[in-house]
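This is start.cif (mmCIF, C-alpha atoms).
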data_work
#
loop_
_atom_site.label_atom_id
_atom_site.label_comp_id
_atom_site.auth_asym_id
_atom_site.auth_seq_id
_atom_site.Cartn_x
_atom_site.Cartn_y
_atom_site.Cartn_z
CA MET E 14 28.80 5.30 15.56
CA ARG E 15 27.06 2.42 13.83
CA PRO E 16 25.29 3.55 10.64
CA VAL E 17 21.53 3.24 10.27
CA ARG E 18 20.75 0.67 7.59
CA PHE E 19 17.56 1.39 5.63
CA VAL E 20 16.32 -0.87 2.85
CA ALA E 21 13.30 0.02 0.69
CA LEU E 22 11.22 -2.67 -1.04
CA GLY E 23 8.35 -2.22 -3.45
CA ASP E 24 7.50 -1.08 -6.96
CA SER E 25 7.85 2.08 -9.02
CA LEU E 26 6.36 4.23 -6.26
CA THR E 27 9.30 3.42 -4.00
CA GLU E 28 11.70 3.31 -6.93
CA GLY E 29 10.94 7.02 -7.22
CA VAL E 30 9.09 7.29 -10.53
CA GLY E 31 7.69 10.80 -10.83
CA ASP E 32 10.62 12.42 -9.02
CA PRO E 33 13.41 12.66 -11.61
CA VAL E 34 16.93 13.63 -10.61
CA GLY E 35 19.47 13.69 -13.40
CA ALA E 36 19.06 10.58 -15.52
CA GLY E 37 17.34 8.57 -12.79
CA TRP E 38 14.71 8.64 -10.07
CA ARG E 39 14.97 9.75 -6.44
CA GLY E 40 11.62 9.35 -4.66
CA TRP E 41 10.24 9.43 -1.15
CA ALA E 42 12.44 6.66 0.27
CA ALA E 43 15.68 8.40 -0.70
CA LEU E 44 14.37 11.68 0.72
CA LEU E 45 13.45 9.90 3.95
CA ALA E 46 16.82 8.14 4.20
CA ALA E 47 18.70 11.42 4.40
CA SER E 48 16.66 12.44 7.45
CA LEU E 49 16.96 9.27 9.53
CA ALA E 50 20.10 10.44 11.34
CA GLU E 51 21.46 13.85 12.31
CA ASP E 52 24.33 13.23 9.91
CA SER E 53 23.15 11.69 6.65
CA GLU E 54 26.61 10.15 6.25
CA HIS E 55 25.61 7.74 9.02
CA VAL E 56 22.77 6.27 6.91
CA ARG E 57 23.28 3.32 4.57
CA PHE E 58 20.34 3.32 2.13
CA THR E 59 19.58 0.60 -0.41
CA ASN E 60 16.60 0.84 -2.75
CA LEU E 61 15.55 -2.58 -4.06
CA ALA E 62 12.19 -1.46 -5.47
CA VAL E 63 11.50 -2.26 -9.13
CA SER E 64 8.77 -0.93 -11.41
CA GLY E 65 5.98 -3.39 -12.00
CA ALA E 66 6.74 -5.46 -8.89
CA GLN E 67 3.96 -7.35 -7.15
CA THR E 68 3.83 -8.86 -3.67
CA ARG E 69 5.25 -12.13 -4.99
CA ASP E 70 8.25 -10.31 -6.48
CA VAL E 71 8.91 -8.62 -3.15
CA LEU E 72 8.79 -11.98 -1.38
CA GLU E 73 10.89 -14.00 -3.81
CA ARG E 74 13.38 -11.45 -5.14
CA GLN E 75 13.64 -8.36 -2.98
CA THR E 76 13.27 -9.78 0.54
CA PRO E 77 16.23 -12.22 0.37
CA ALA E 78 18.50 -9.42 -0.85
CA ALA E 79 17.20 -7.08 1.85
CA LEU E 80 17.63 -9.60 4.67
CA ALA E 81 21.25 -10.12 3.65
CA LEU E 82 21.83 -6.43 4.42
CA ARG E 83 20.40 -6.84 7.95
CA PRO E 84 18.52 -3.52 7.91
CA ASP E 85 17.46 -1.53 10.95
CA LEU E 86 14.51 -0.17 8.97
CA ALA E 87 12.72 -1.87 6.09
CA SER E 88 9.92 -0.19 4.15
CA VAL E 89 7.49 -2.48 2.34
CA VAL E 90 4.98 -0.55 0.21
CA ILE E 91 3.39 -2.80 -2.39
CA GLY E 92 0.05 -4.06 -3.64
CA VAL E 93 -1.50 -1.92 -6.35
CA ASN E 94 0.20 -3.81 -9.16
CA ASP E 95 -1.45 -6.96 -7.81
CA THR E 96 -4.86 -5.32 -8.19
CA LEU E 97 -4.11 -4.48 -11.83
CA ARG E 98 -3.66 -8.10 -12.88
CA ARG E 99 -6.21 -10.68 -13.94
CA THR E 100 -4.43 -13.11 -11.58
CA PHE E 101 -5.37 -11.03 -8.51
CA ASP E 102 -5.85 -13.26 -5.48
CA ILE E 103 -6.28 -11.71 -2.03
CA HIS E 104 -5.30 -15.01 -0.39
CA ALA E 105 -1.95 -14.97 -2.20
CA VAL E 106 -1.40 -11.29 -1.36
CA ALA E 107 -1.99 -11.98 2.34
CA ALA E 108 0.33 -15.01 2.32
CA HIS E 109 3.10 -13.11 0.52
CA LEU E 110 2.97 -10.09 2.80
CA ASP E 111 2.78 -12.20 5.96
CA GLN E 112 6.00 -13.99 5.00
CA VAL E 113 7.75 -10.74 4.11
CA TYR E 114 6.76 -8.96 7.32
CA ALA E 115 7.60 -11.99 9.45
CA SER E 116 11.08 -12.24 7.94
CA PHE E 117 11.99 -8.70 8.94
CA ALA E 118 10.35 -9.05 12.36
CA ARG E 119 12.48 -12.11 13.08
CA GLN E 120 15.60 -10.12 12.27
CA GLY E 121 14.52 -7.32 14.59
CA ALA E 122 14.09 -4.69 11.87
CA THR E 123 11.53 -1.92 12.18
CA LEU E 124 8.87 -2.29 9.50
CA LEU E 125 7.46 0.74 7.67
CA THR E 126 4.25 0.07 5.73
CA ALA E 127 1.50 2.04 4.03
CA CYS E 128 -1.96 1.45 2.61
CA LEU E 129 -2.75 3.11 -0.69
CA PRO E 130 -5.64 4.63 -2.71
CA ASP E 131 -7.17 2.61 -5.49
CA PRO E 132 -5.94 3.25 -9.04
CA GLY E 133 -9.46 3.64 -10.40
CA ALA E 134 -9.95 6.77 -8.33
CA MET E 135 -6.53 8.07 -9.30
CA LEU E 136 -7.25 7.60 -13.01
CA ARG E 137 -10.80 8.95 -12.61
CA LEU E 138 -12.31 5.98 -14.36
CA PRO E 139 -16.10 5.72 -14.78
CA ASP E 140 -17.77 4.18 -11.73
CA ALA E 141 -18.55 0.88 -13.39
CA LEU E 142 -14.85 0.39 -14.16
CA ALA E 143 -13.44 2.00 -11.03
CA ARG E 144 -15.48 0.04 -8.51
CA PRO E 145 -13.88 -3.36 -9.11
CA LEU E 146 -10.42 -1.81 -8.67
CA ALA E 147 -11.58 0.02 -5.56
CA ARG E 148 -12.85 -3.21 -4.05
CA ARG E 149 -9.55 -4.94 -4.71
CA GLN E 150 -7.50 -2.11 -3.21
CA ARG E 151 -9.69 -1.98 -0.13
CA ALA E 152 -9.08 -5.67 0.34
CA VAL E 153 -5.32 -5.20 0.02
CA ASN E 154 -5.43 -2.30 2.46
CA ALA E 155 -7.34 -4.38 5.00
CA VAL E 156 -4.68 -7.08 4.77
CA VAL E 157 -1.82 -4.58 5.03
CA HIS E 158 -3.39 -2.93 8.06
CA ALA E 159 -4.05 -6.23 9.86
CA LEU E 160 -0.54 -7.53 9.23
CA SER E 161 1.06 -4.20 10.13
CA ASP E 162 -0.65 -4.45 13.49
CA ARG E 163 0.33 -8.11 13.80
CA TYR E 164 4.03 -7.34 13.40
CA GLY E 165 4.10 -3.97 15.15
CA ALA E 166 4.90 -1.96 12.02
CA VAL E 167 5.06 1.80 11.76
CA HIS E 168 2.13 2.28 9.42
CA LEU E 169 1.07 5.25 7.31
CA HIS E 170 -2.54 5.56 6.23
CA ALA E 171 -2.21 6.91 2.71
CA ALA E 172 -5.56 6.12 1.14
CA ASP E 173 -7.55 9.23 1.88
CA ASP E 174 -9.41 11.12 -0.83
CA GLY E 175 -7.99 14.41 0.43
CA TRP E 176 -4.62 13.82 -1.14
CA ILE E 177 -6.03 12.23 -4.29
CA SER E 178 -7.87 15.44 -5.10
CA ASP E 179 -4.73 17.62 -4.85
CA ARG E 180 -3.54 17.59 -8.44
CA THR E 181 -0.34 19.48 -7.60
CA LEU E 182 1.05 16.40 -5.84
CA TRP E 183 0.81 14.12 -8.86
CA SER E 184 2.77 13.59 -12.03
CA ALA E 185 1.19 13.55 -15.47
CA ASP E 186 0.16 9.89 -15.29
CA ARG E 187 -1.89 10.39 -12.10
CA LEU E 188 -0.48 7.12 -10.76
CA HIS E 189 2.89 8.37 -9.52
CA PRO E 190 3.45 11.30 -7.19
CA GLY E 191 5.43 14.18 -8.59
CA GLU E 192 8.33 15.65 -6.63
CA ARG E 193 5.95 17.50 -4.32
CA GLY E 194 4.01 14.30 -3.64
CA HIS E 195 7.13 12.25 -2.95
CA ARG E 196 8.27 14.94 -0.51
CA GLN E 197 4.94 14.93 1.28
CA LEU E 198 5.13 11.18 1.66
CA ALA E 199 8.68 11.40 3.03
CA VAL E 200 7.67 14.12 5.49
CA ARG E 201 4.83 12.04 6.89
CA CYS E 202 6.88 8.87 7.17
CA HIS E 203 9.60 10.84 8.97
CA ALA E 204 7.05 12.20 11.44
CA LEU E 205 5.87 8.70 12.35
CA LEU E 206 9.41 7.36 12.69
CA ALA E 207 10.53 10.37 14.73
CA GLU E 208 7.70 9.77 17.17
CA THR E 209 9.06 6.30 17.90
CA GLY E 210 12.68 7.53 18.06
CA ARG E 211 13.69 5.96 14.77
CA ALA E 212 14.36 9.18 12.89
CA THR E 213 16.64 11.72 14.56
CA GLY E 214 17.52 13.99 11.65
CA GLN E 215 15.72 17.07 10.42
CA PRO E 216 12.56 16.24 8.44
CA PRO E 217 12.78 16.43 4.65
CA SER E 218 11.79 19.68 3.04
CA ALA E 219 8.23 19.72 1.74
CA GLU E 220 9.10 22.30 -0.94
CA PRO E 221 10.13 21.01 -4.38
CA GLU E 222 13.49 21.90 -5.87
CA SER E 223 12.30 21.68 -9.48
CA PRO E 224 9.34 23.35 -11.19
CA ALA E 225 6.29 21.24 -11.89
CA PRO E 226 6.03 19.82 -15.44
CA THR E 227 4.36 22.11 -17.92
CA ARG E 228 1.03 21.17 -19.45
CA THR E 229 2.82 20.56 -22.76
CA ALA E 230 5.25 18.15 -21.11
CA SER E 231 2.39 16.34 -19.38
CA LEU E 232 0.46 15.92 -22.62
CA TRP E 233 3.56 14.64 -24.37
CA TRP E 234 4.10 12.03 -21.66
CA LEU E 235 0.51 10.88 -21.91
CA ALA E 236 0.77 10.59 -25.68
CA THR E 237 3.96 8.50 -25.51
CA ALA E 238 4.80 6.61 -22.33
CA GLY E 239 1.23 6.85 -21.01
CA THR E 240 -0.25 5.30 -24.13
CA SER E 241 2.22 2.41 -24.07
CA TRP E 242 1.34 1.74 -20.42
CA VAL E 243 -2.37 1.53 -21.27
CA LEU E 244 -1.71 -0.84 -24.16
CA ARG E 245 0.37 -3.16 -21.97
CA ARG E 246 -2.40 -3.31 -19.39
CA CYS E 247 -5.30 -3.78 -21.81
CA THR E 248 -4.31 -7.34 -22.73
CA ASP E 249 -4.09 -8.32 -19.07
CA LEU E 250 -6.70 -6.35 -17.19
CA LEU E 251 -9.27 -4.86 -19.55
CA PRO E 252 -11.19 -8.05 -20.52
CA GLN E 253 -11.64 -9.00 -16.90
CA LEU E 254 -12.39 -5.44 -15.84
CA LEU E 255 -15.20 -5.25 -18.38
CA ARG E 256 -16.63 -8.52 -17.07
CA LEU E 257 -16.47 -7.29 -13.50
CA ALA E 258 -18.10 -4.01 -14.48
CA ALA E 259 -20.96 -5.91 -16.15
CA ASP E 260 -21.38 -8.02 -13.03
CA GLU E 261 -21.46 -4.92 -10.85
CA LEU E 262 -24.11 -3.28 -13.02
CA HIS E 263 -26.14 -6.49 -12.92
CA HIS E 264 -26.11 -6.55 -9.10
CA ARG E 265 -26.93 -2.85 -8.94
CA ALA E 266 -29.95 -3.32 -11.19
CA ARG E 267 -31.21 -6.19 -9.02
CA GLY E 268 -30.54 -4.34 -5.77
CA THR E 269 -28.17 -7.07 -4.56
CA GLY E 270 -25.00 -5.00 -4.28
CA ALA E 271 -24.75 -5.76 -0.55
CA ARG E 272 -23.89 -9.34 -1.44
CA LEU E 273 -20.70 -8.12 -3.08
CA ASP E 274 -19.68 -6.39 0.14
CA LEU E 275 -20.24 -9.58 2.13
CA ARG E 276 -18.33 -11.70 -0.36
CA ALA E 277 -15.37 -9.35 -0.29
CA SER E 278 -15.42 -9.08 3.50
CA ALA E 279 -15.55 -12.85 3.81
CA ALA E 280 -12.67 -13.32 1.37
CA VAL E 281 -10.40 -11.02 3.36
CA SER E 282 -11.34 -12.68 6.65
CA VAL E 283 -10.65 -16.13 5.22
CA ALA E 284 -7.32 -14.98 3.78
CA LEU E 285 -6.17 -13.62 7.14
CA ALA E 286 -7.52 -16.50 9.21
CA SER E 287 -5.75 -19.04 7.01
CA LEU E 288 -2.29 -17.56 7.64
CA PRO E 289 0.21 -19.57 9.73
CA THR E 290 -0.21 -19.08 13.48
CA ALA E 291 2.95 -17.07 13.96
CA GLY E 292 1.46 -13.77 15.04
CA GLY E 293 -1.32 -12.57 17.27
CA GLY E 294 -4.94 -11.65 16.83
CA VAL E 295 -5.17 -11.60 13.03
CA ALA E 296 -8.38 -13.61 12.83
CA GLU E 297 -10.15 -11.46 15.41
CA ALA E 298 -8.86 -8.19 13.97
CA ALA E 299 -9.99 -9.26 10.50
CA ASP E 300 -13.65 -8.97 11.49
CA ALA E 301 -13.33 -5.32 12.52
CA LEU E 302 -11.03 -4.45 9.65
CA THR E 303 -13.19 -5.92 6.92
CA ALA E 304 -16.33 -4.38 8.37
CA ASP E 305 -14.77 -0.93 8.17
CA ALA E 306 -13.17 -1.51 4.79
CA PHE E 307 -16.30 -2.71 3.01
CA THR E 308 -19.12 -0.65 4.49
CA GLY E 309 -20.54 2.10 2.35
CA PRO E 310 -21.65 2.04 -1.29
CA ALA E 311 -21.63 -1.41 -2.80
CA LEU E 312 -18.48 -1.97 -4.82
CA ASP E 313 -17.76 -4.86 -7.11
CA VAL E 314 -15.94 -7.72 -5.48
CA GLY E 315 -13.24 -7.34 -8.10
CA GLY E 316 -12.20 -10.97 -8.18
CA LEU E 317 -11.82 -11.48 -4.44
CA GLU E 318 -13.08 -15.02 -4.53
CA ALA E 319 -10.70 -17.77 -3.51
CA GLY E 320 -8.00 -18.23 -6.10
CA PRO E 321 -7.05 -16.17 -9.16
CA VAL E 322 -9.83 -14.62 -11.19
CA GLU E 323 -10.57 -16.18 -14.53
CA GLY E 324 -10.43 -14.27 -17.76
CA GLY E 325 -7.71 -12.63 -19.81
CA ALA E 326 -4.65 -14.26 -21.24
CA ALA E 327 -1.62 -12.57 -19.78
CA GLY E 328 -0.05 -13.57 -16.51
CA PRO E 329 1.88 -11.45 -14.02
CA VAL E 330 4.25 -8.93 -15.52
CA ALA E 331 7.91 -9.37 -14.69
CA ALA E 332 9.34 -7.22 -11.96
CA GLY E 333 11.75 -5.65 -14.42
CA GLU E 334 9.02 -3.75 -16.24
CA ALA E 335 9.91 -0.34 -17.59
CA ALA E 336 9.95 2.51 -15.15
CA GLY E 337 6.85 4.03 -16.68
CA GLY E 338 4.83 1.00 -15.59
CA PRO E 339 1.94 0.69 -13.18
CA ALA E 340 3.27 2.22 -10.04
CA GLU E 341 1.08 2.34 -7.02
CA ALA E 342 -0.46 5.65 -6.10
CA VAL E 343 0.14 7.12 -2.67
CA SER E 344 -1.86 9.76 -0.93
CA ALA E 345 -0.28 12.00 1.67
CA VAL E 346 -2.91 12.96 4.21
CA PRO E 347 -2.37 14.86 7.46
CA VAL E 348 -0.75 12.35 9.76
CA VAL E 349 -1.86 11.47 13.25
CA ALA E 350 -0.40 8.96 15.65
CA ALA E 351 -2.86 6.59 17.25
CA GLU E 352 -2.89 4.12 20.09
CA PRO E 353 -2.70 0.44 19.16
CA HIS E 354 -5.80 -0.62 17.30
CA ARG E 355 -8.51 -2.59 19.03
CA ALA E 356 -10.72 -4.95 17.09
CA GLN E 357 -14.40 -4.12 17.27
CA GLY E 358 -17.04 -6.77 16.87
CA GLY E 359 -20.78 -6.73 16.42
CA THR E 360 -20.63 -5.66 12.80
CA ALA E 361 -21.49 -7.09 9.43
CA ALA E 362 -18.05 -8.64 9.41
CA GLN E 363 -19.35 -11.28 11.79
CA THR E 364 -20.91 -12.81 8.71
CA ALA E 365 -17.45 -12.90 7.20
CA GLY E 366 -16.10 -14.35 10.42
CA ALA E 367 -18.51 -17.25 10.10
CA VAL E 368 -17.11 -17.98 6.69
CA ALA E 369 -13.55 -17.60 7.92
CA GLY E 370 -14.10 -20.01 10.79
CA SER E 371 -13.13 -19.66 14.41
CA GLY E 372 -9.39 -20.06 13.99
CA ALA E 373 -8.01 -17.43 16.30
CA VAL E 374 -4.27 -16.93 15.94
CA ALA E 375 -2.10 -17.19 19.02
CA ASP E 376 0.55 -14.65 19.91
CA GLY E 377 4.05 -15.56 18.75
CA THR E 378 7.43 -14.65 20.11
CA ALA E 379 8.51 -12.82 16.97
CA ALA E 380 5.48 -10.56 17.03
CA ASP E 381 5.81 -9.97 20.77
CA ALA E 382 9.46 -9.04 20.43
CA GLN E 383 8.71 -6.70 17.57
CA ARG E 384 5.97 -4.97 19.58
CA ARG E 385 8.34 -4.48 22.50
CA ARG E 386 10.90 -2.91 20.20
CA THR E 387 8.33 -0.66 18.58
CA GLY E 388 6.68 0.21 21.87
CA THR E 389 3.30 0.82 20.24
CA ASN E 390 1.98 0.48 16.76
CA ARG E 391 2.13 3.87 15.09
CA THR E 392 -0.19 4.70 12.28
CA GLY E 393 -1.12 7.60 10.09
CA VAL E 394 -4.82 7.28 10.86
CA PRO E 395 -6.97 7.36 14.01
CA GLY E 396 -9.43 4.61 14.77
CA SER E 397 -9.47 0.85 14.49
CA ALA E 398 -8.67 0.50 10.80
CA CYS E 399 -7.28 2.46 7.89
CA ALA E 400 -10.60 2.23 6.13
CA ALA E 401 -12.27 4.01 9.04
CA ALA E 402 -10.11 7.11 8.76
CA GLY E 403 -12.85 9.42 9.96
CA ARG E 404 -13.35 7.72 13.33
CA SER E 405 -11.81 9.09 16.49
CA ALA E 406 -9.13 7.25 18.43
CA ALA E 407 -8.41 7.09 22.15
CA ARG E 408 -5.56 9.52 21.62
CA THR E 409 -4.48 11.35 18.51
CA THR E 410 -1.78 13.90 17.92
CA ALA E 411 -1.92 15.95 14.76
CA ILE E 412 1.29 16.33 12.79
CA THR E 413 1.40 18.84 10.00
CA GLY E 414 3.39 17.98 6.92
#

Written form, structure tokens:
Amino acid sequence: MRPVRFVALGDSLTEGVGDPVGAGWRGWAALLAASLAEDSEHVRFTNLAVSGAQTRDVLERQTPAALALRPDLASVVIGVNDTLRRTFDIHAVAAHLDQVYASFARQGATLLTACLPDPGAMLRLPDALARPLARRQRAVNAVVHALSDRYGAVHLHAADDGWISDRTLWSADRLHPGERGHRQLAVRCHALLAETGRATGQPPSAEPESPAPTRTASLWWLATAGTSWVLRRCTDLLPQLLRLAADELHHRARGTGARLDLRASAAVSVALASLPTAGGGVAEAADALTADAFTGPALDVGGLEAGPVEGGAAGPVAAGEAAGGPAEAVSAVPVVAAEPHRAQGGTAAQTAGAVAGSGAVADGTAADAQRRRTGTNRTGVPGSACAAAGRSAARTTAITG
């Protein structure tokens, strides 16, 4: 029997930070790997994720190594570290992820992706500081969702407030899941893969093996590793974040917050429409996705204009950052499987579409082949986009975790 080859790419979330085993980390990907086949001995798992990694690191460092292993399943969960840098550029994020996804699709691997909650909400920052980060993460999520659909990925919606509010799932830093959170994430990914026949083993246990950290241990972490993390980020993010917060307050006072929504929506649409024409329907889907992602209370654009945001002195942090670095947060919400998404027009995103231009993207053979292998795009959220998690789909099946 040929072993199942599973390669995990990403940052400290996928590396397993928050789920210690012995002297190292385990994490959701390792828990998932053991359940992909009836006999875990028939699974070959390689974890290439590194703390502090951004989408560019995944493209330039992790993807070549992963492709050399010719995986059957490749998980790509990345993006929050990009939002925590002054160099954040949604156009670059879209280009990086498109190349990564396309590489695995060409090899015939099944892609596993996820969209994530914004770090501002996880850290419970004041609104004026949290909103710019929220806007950035919503933009990243819109890109991830559009490209997941483009390449027929198995996609988990993991950006719902329901999981963010469950403190028992998180480690002391509130950016990494604890063991219980990693297990919940593995359970939900297994459910989606099992539905498409790509996971045949028993699902991972949702119950932790180790007791949760004591309050004393949590406070000690925050006073040591947590403080050092904040100091490393302050030189890179804080000056720009303060500027963005001032801009957001200025627009709120003038009652022009809606302009920030339109600017962000347009930036995402332009980023997706400008991608190479190797997949299908990205430009059209962008209108519906960005409309869903950016409706609601006005949030600061968070540097979503074309090109990197000005301000601050430090550039991207190396992928080899310490394990206590800025891992992405993941939220494990009740999972449902939905029919393939359908773009919906007639929304405010048409304004963004005008900015993006009329460049519809033609279907490509790689995307078509991937869709045939996947059968149907599976997602952890009903409706046409991750950001519209509350909307009903044509068919949904609840899966308890």

Excluding region 88-91 of chain E and any residue of its chain fewer than 5 positions from it, enumerate the residues within 6 Å of it, using only C-alpha atoms, and give them as a PyMOL selection string. chain E and resi 21-23+124-127

Evaluate the PyMOL selection byres ((chain E and resi 184) around 10) and report residues as a PDB file with C-alpha atoms, keeping the file's coordinate frame:
ATOM      1  CA  VAL E  30       9.090   7.290 -10.530  1.00  0.00           C
ATOM      2  CA  GLY E  31       7.690  10.800 -10.830  1.00  0.00           C
ATOM      3  CA  ASP E  32      10.620  12.420  -9.020  1.00  0.00           C
ATOM      4  CA  ARG E 180      -3.540  17.590  -8.440  1.00  0.00           C
ATOM      5  CA  THR E 181      -0.340  19.480  -7.600  1.00  0.00           C
ATOM      6  CA  LEU E 182       1.050  16.400  -5.840  1.00  0.00           C
ATOM      7  CA  TRP E 183       0.810  14.120  -8.860  1.00  0.00           C
ATOM      8  CA  ALA E 185       1.190  13.550 -15.470  1.00  0.00           C
ATOM      9  CA  ASP E 186       0.160   9.890 -15.290  1.00  0.00           C
ATOM     10  CA  ARG E 187      -1.890  10.390 -12.100  1.00  0.00           C
ATOM     11  CA  LEU E 188      -0.480   7.120 -10.760  1.00  0.00           C
ATOM     12  CA  HIS E 189       2.890   8.370  -9.520  1.00  0.00           C
ATOM     13  CA  PRO E 190       3.450  11.300  -7.190  1.00  0.00           C
ATOM     14  CA  GLY E 191       5.430  14.180  -8.590  1.00  0.00           C
ATOM     15  CA  GLU E 192       8.330  15.650  -6.630  1.00  0.00           C
ATOM     16  CA  ARG E 193       5.950  17.500  -4.320  1.00  0.00           C
ATOM     17  CA  GLY E 194       4.010  14.300  -3.640  1.00  0.00           C
ATOM     18  CA  ALA E 225       6.290  21.240 -11.890  1.00  0.00           C
ATOM     19  CA  PRO E 226       6.030  19.820 -15.440  1.00  0.00           C
ATOM     20  CA  SER E 231       2.390  16.340 -19.380  1.00  0.00           C
ATOM     21  CA  TRP E 234       4.100  12.030 -21.660  1.00  0.00           C
TER      22      TRP E 234
END

Which residue is closest to Leu255 (chain E)? Choose from E:Val71, E:Ala47, E:Gln120, E:Asp140 and count all atoms listed in the file.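 Of the candidates, the smallest distance to Leu255 (chain E) is held by E:Asp140.
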
Measuring atom to atom with only C-alpha atoms, identify which of E:Ser64, E:Thr123, E:Thr76, E:Gln150 is nearest to Val106 (chain E).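 Once distances to Val106 (chain E) are computed over only C-alpha atoms, the minimum belongs to E:Gln150.
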
Smallest atom-to-atom distance to Met135 (chain E): which of E:Gly29, E:Val156, E:Val93, E:Leu250, using all atoms listed in the file?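 Counting all atoms listed in the file, the residue closest to Met135 (chain E) is E:Val93.
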
Please provide the set of residues having any atom within 8 Å of Gly92 (chain E), restricted to all atoms listed in the file, with same-chain residues fewer than 4 positions apart removed, written as a PDB file with C-alpha atoms, in the frame of the given file.
ATOM      1  CA  GLN E  67       3.960  -7.350  -7.150  1.00  0.00           C
ATOM      2  CA  THR E  68       3.830  -8.860  -3.670  1.00  0.00           C
ATOM      3  CA  THR E  96      -4.860  -5.320  -8.190  1.00  0.00           C
ATOM      4  CA  VAL E 106      -1.400 -11.290  -1.360  1.00  0.00           C
ATOM      5  CA  GLN E 150      -7.500  -2.110  -3.210  1.00  0.00           C
ATOM      6  CA  VAL E 153      -5.320  -5.200   0.020  1.00  0.00           C
ATOM      7  CA  GLU E 341       1.080   2.340  -7.020  1.00  0.00           C
TER       8      GLU E 341
END

Just say which residues the PyMOL selection byres ((chain E and resi 63) around 7) picks in this file, as number ranges by chain. E: 23-25, 28, 61-62, 64-66, 332-333

CA of Gly121 (chain E) to CA of Pro84 (chain E), distance in Å rounded to a single decimal: 8.7 Å

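For the pair CA of Arg276 (chain E) and CA of Arg163 (chain E), the separation is 23.7 Å.
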